[in-house]
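A.B. asks: Dropping a structure here in structure tokens format, bear with me for questions.
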Amino acid sequence: MQAHNTNVFDETYLAPSYNIAPTDFQPIVRLDRDGQRELTVMRWGLVPYWAKDPKVGFSTINAKSETFTTSPTFREAMKRRRCLVPAEWFYEWQQMDAKTKQPYAISLHDDSLFAFAGLWERWKDKAKNQVLETYTVLTTDPNELLESMIVCP
């Protein structure tokens, strides 16, 4: 089976990107077969190995930490395929009114790199004879510090 070239890594994946969207390919850190950390590239939006269609990845960009262990979508990845998703900042969106959302960029005070906990999966497209590696980010409700930083209407 031919592998999707997600392991082809070049410097373009490390260039600043201010609007990463679901299905974009981004670097993640995972353990290789020898248990060593490796930096590789995967598509954002987890596609479970058993999915019939990769479009499910649009609805699995995040896995809520309070419930992902009970979800069939994330269960196998949680057991065997964990990763880190490097970032310098992320957006939190607040609904301002019925039609408007306001993005807030959240970073560390010194703008240093941090990582989200994540899960990854390998999905096989039998029709195209290809493998697609995808990931999701674990999320939770904001803590008091983050919640107090975001102005709500």
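Chain lettering (A, B, ...) mirrors the order of the structure tokens, residue numbering begins at 1 for each chain separately, and ligand numbering begins at 1 in order of display.
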Give the strand (DSSP E) residues of stretch 9-124 of chain A, as DSSP finds them on the backbone, and put them as a PyMOL selection string.

C.D. replies: chain A and resi 25-31+37-44+62-64+82-87+89-95+101-107+114-124

A.B. asks: Find the residues near A:Pro86: any atom within 7 Å, counting only C-alpha atoms, skip ones fewer than 3 places away on the same chain, and give them as a PyMOL selection string.

C.D. replies: chain A and resi 28+113-116

A.B. asks: Which residues come within 7 Å of A:Trp44, counting only C-alpha atoms, excluding same-chain residues fewer than 2 positions away, as a PyMOL selection string?

C.D. replies: chain A and resi 22-25+42+46+61+134-136

A.B. asks: Include N, CA and C atoms and write out the residues we just selected as a PDB file, in the first residue's frame.

C.D. replies:
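Generated file (again.pdb):
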ATOM      1  N   PRO A  22      -8.666  23.231   9.490  1.00  0.00           N
ATOM      2  CA  PRO A  22      -8.832  21.783   9.399  1.00  0.00           C
ATOM      3  C   PRO A  22      -8.458  21.289   8.009  1.00  0.00           C
ATOM      4  N   THR A  23      -7.840  20.160   7.971  1.00  0.00           N
ATOM      5  CA  THR A  23      -7.297  19.455   6.795  1.00  0.00           C
ATOM      6  C   THR A  23      -5.951  20.008   6.343  1.00  0.00           C
ATOM      7  N   ASP A  24      -5.436  21.078   6.975  1.00  0.00           N
ATOM      8  CA  ASP A  24      -4.077  21.519   6.678  1.00  0.00           C
ATOM      9  C   ASP A  24      -3.092  20.511   7.261  1.00  0.00           C
ATOM     10  N   PHE A  25      -1.944  20.394   6.613  1.00  0.00           N
ATOM     11  CA  PHE A  25      -0.880  19.529   7.107  1.00  0.00           C
ATOM     12  C   PHE A  25       0.048  20.361   7.968  1.00  0.00           C
ATOM     13  N   MET A  42       1.315  15.735   9.619  1.00  0.00           N
ATOM     14  CA  MET A  42       0.028  15.054   9.487  1.00  0.00           C
ATOM     15  C   MET A  42      -1.065  16.065   9.194  1.00  0.00           C
ATOM     16  N   LEU A  46      -8.751  14.244  12.849  1.00  0.00           N
ATOM     17  CA  LEU A  46      -8.523  12.804  12.980  1.00  0.00           C
ATOM     18  C   LEU A  46      -9.542  11.993  12.197  1.00  0.00           C
ATOM     19  N   ILE A  61     -11.476  17.748  14.679  1.00  0.00           N
ATOM     20  CA  ILE A  61     -10.252  18.535  14.823  1.00  0.00           C
ATOM     21  C   ILE A  61      -9.858  18.639  16.296  1.00  0.00           C
ATOM     22  N   THR A 134      -3.490  11.398  10.324  1.00  0.00           N
ATOM     23  CA  THR A 134      -4.215  12.576  10.788  1.00  0.00           C
ATOM     24  C   THR A 134      -4.078  12.711  12.303  1.00  0.00           C
ATOM     25  N   TYR A 135      -4.384  13.909  12.814  1.00  0.00           N
ATOM     26  CA  TYR A 135      -4.310  14.130  14.259  1.00  0.00           C
ATOM     27  C   TYR A 135      -5.464  14.994  14.728  1.00  0.00           C
ATOM     28  N   THR A 136      -5.666  14.981  16.044  1.00  0.00           N
ATOM     29  CA  THR A 136      -6.626  15.847  16.711  1.00  0.00           C
ATOM     30  C   THR A 136      -5.954  16.450  17.930  1.00  0.00           C
TER      31      THR A 136
END

A.B. asks: Give the helix (DSSP H, G or I) residues of stretch 33-66 of chain A, as DSSP finds them on the backbone, and put them as a PyMOL selection string.

C.D. replies: chain A and resi 54-59

A.B. asks: Skipping near chain neighbours, those fewer than 6 positions away, what residues fall within 10 Å of A:Arg81 using only C-alpha atoms, listed as a PyMOL selection string?

C.D. replies: chain A and resi 30-31+74-75+118-122+135

A.B. asks: Generate the output file for the selected residues, C-alpha atoms, as a tab-separated table (two decimals), in the first residue's frame.

C.D. replies:
chain	number	residue	atom	x	y	z
A	30	ARG	CA	5.16	11.35	18.04
A	31	LEU	CA	7.10	8.26	19.03
A	74	PHE	CA	-10.75	8.39	19.74
A	75	ARG	CA	-10.58	5.19	21.84
A	118	GLY	CA	-2.96	15.22	20.73
A	119	LEU	CA	-3.92	11.88	19.25
A	120	TRP	CA	-3.07	10.58	15.80
A	121	GLU	CA	-4.43	7.89	13.52
A	122	ARG	CA	-3.54	6.10	10.30
A	135	TYR	CA	-4.31	14.13	14.26

A.B. asks: Go ahead and compute the interatomic distance for atom CA of A:Lys52 and atom CA of A:Asp125, in Å to one decimal.

C.D. replies: 8.5 Å

A.B. asks: At a cut-off of 9 Å, using only C-alpha atoms, what residues contact A:Gln102? Leave out same-chain residues fewer than 6 positions from it and give the result as a ChimeraX atom specification.

C.D. replies: /A:92-96

A.B. asks: Taking only C-alpha atoms into account, name the residue in A:Leu138, A:Arg43, A:Arg37, A:Ser112 that is nearest to A:Ala77.

C.D. replies: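 Ranking A:Leu138, A:Arg43, A:Arg37, A:Ser112 by distance to A:Ala77, first place goes to A:Leu138.
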
A.B. asks: Ranking A:Gln26, A:Thr67, A:Gln36, A:Ser59 by minimum distance to A:Asp141 and counting only C-alpha atoms, which one comes first?

C.D. replies: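 Closest to A:Asp141, using only C-alpha atoms: A:Thr67.
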
A.B. asks: When distances are computed from only C-alpha atoms, which of A:Glu76, A:Asp97, A:Glu88, A:Asp53 shows the smallest separation from A:His109?

C.D. replies: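 Smallest separation from A:His109 among the options: A:Glu88.
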
A.B. asks: Any idea what's packed within 7 Å of A:Tyr91, counting only C-alpha atoms, ignoring anything in its chain fewer than 4 positions away? Could you give it as an mmCIF file with C-alpha atoms, in the first residue's frame?

C.D. replies:
data_model
loop_
_atom_site.group_PDB
_atom_site.id
_atom_site.type_symbol
_atom_site.label_atom_id
_atom_site.label_comp_id
_atom_site.auth_asym_id
_atom_site.auth_seq_id
_atom_site.Cartn_x
_atom_site.Cartn_y
_atom_site.Cartn_z
ATOM 1 C CA PRO A 103 -10.881 35.811 17.521
ATOM 2 C CA TYR A 104 -8.457 36.184 20.433
ATOM 3 C CA ALA A 105 -4.874 35.028 19.949
ATOM 4 C CA ILE A 106 -3.571 33.266 23.072
#

A.B. asks: Rounded to one decimal in Å, what is the spacing between atom CA of A:Thr139 and atom CA of A:Tyr49?

C.D. replies: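 Computing the Euclidean distance for atom CA of A:Thr139 and atom CA of A:Tyr49 yields 21.4 Å.
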
A.B. asks: Using only C-alpha atoms, which residue out of A:Lys101, A:Lys55, A:Lys64, A:Arg80 lies closest to A:Val137?

C.D. replies: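 Comparing A:Lys101, A:Lys55, A:Lys64, A:Arg80 against A:Val137, the winner is A:Lys64.
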
A.B. asks: Would you please work out which residue, of A:Glu38, A:Glu144, A:Glu133, A:Asp110, is nearest to A:Gly57 when using only C-alpha atoms?

C.D. replies: A:Glu133

A.B. asks: A:Val41, A:Ala21, A:Ala87, A:Arg33: which is nearest A:Phe58, counting only C-alpha atoms?

C.D. replies: A:Ala21

A.B. asks: When you draw a straight line from atom CA of A:Cys83 to atom CA of A:Gly35, how long is it in Å?

C.D. replies: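 Between atom CA of A:Cys83 and atom CA of A:Gly35 the gap works out to 12.2 Å.
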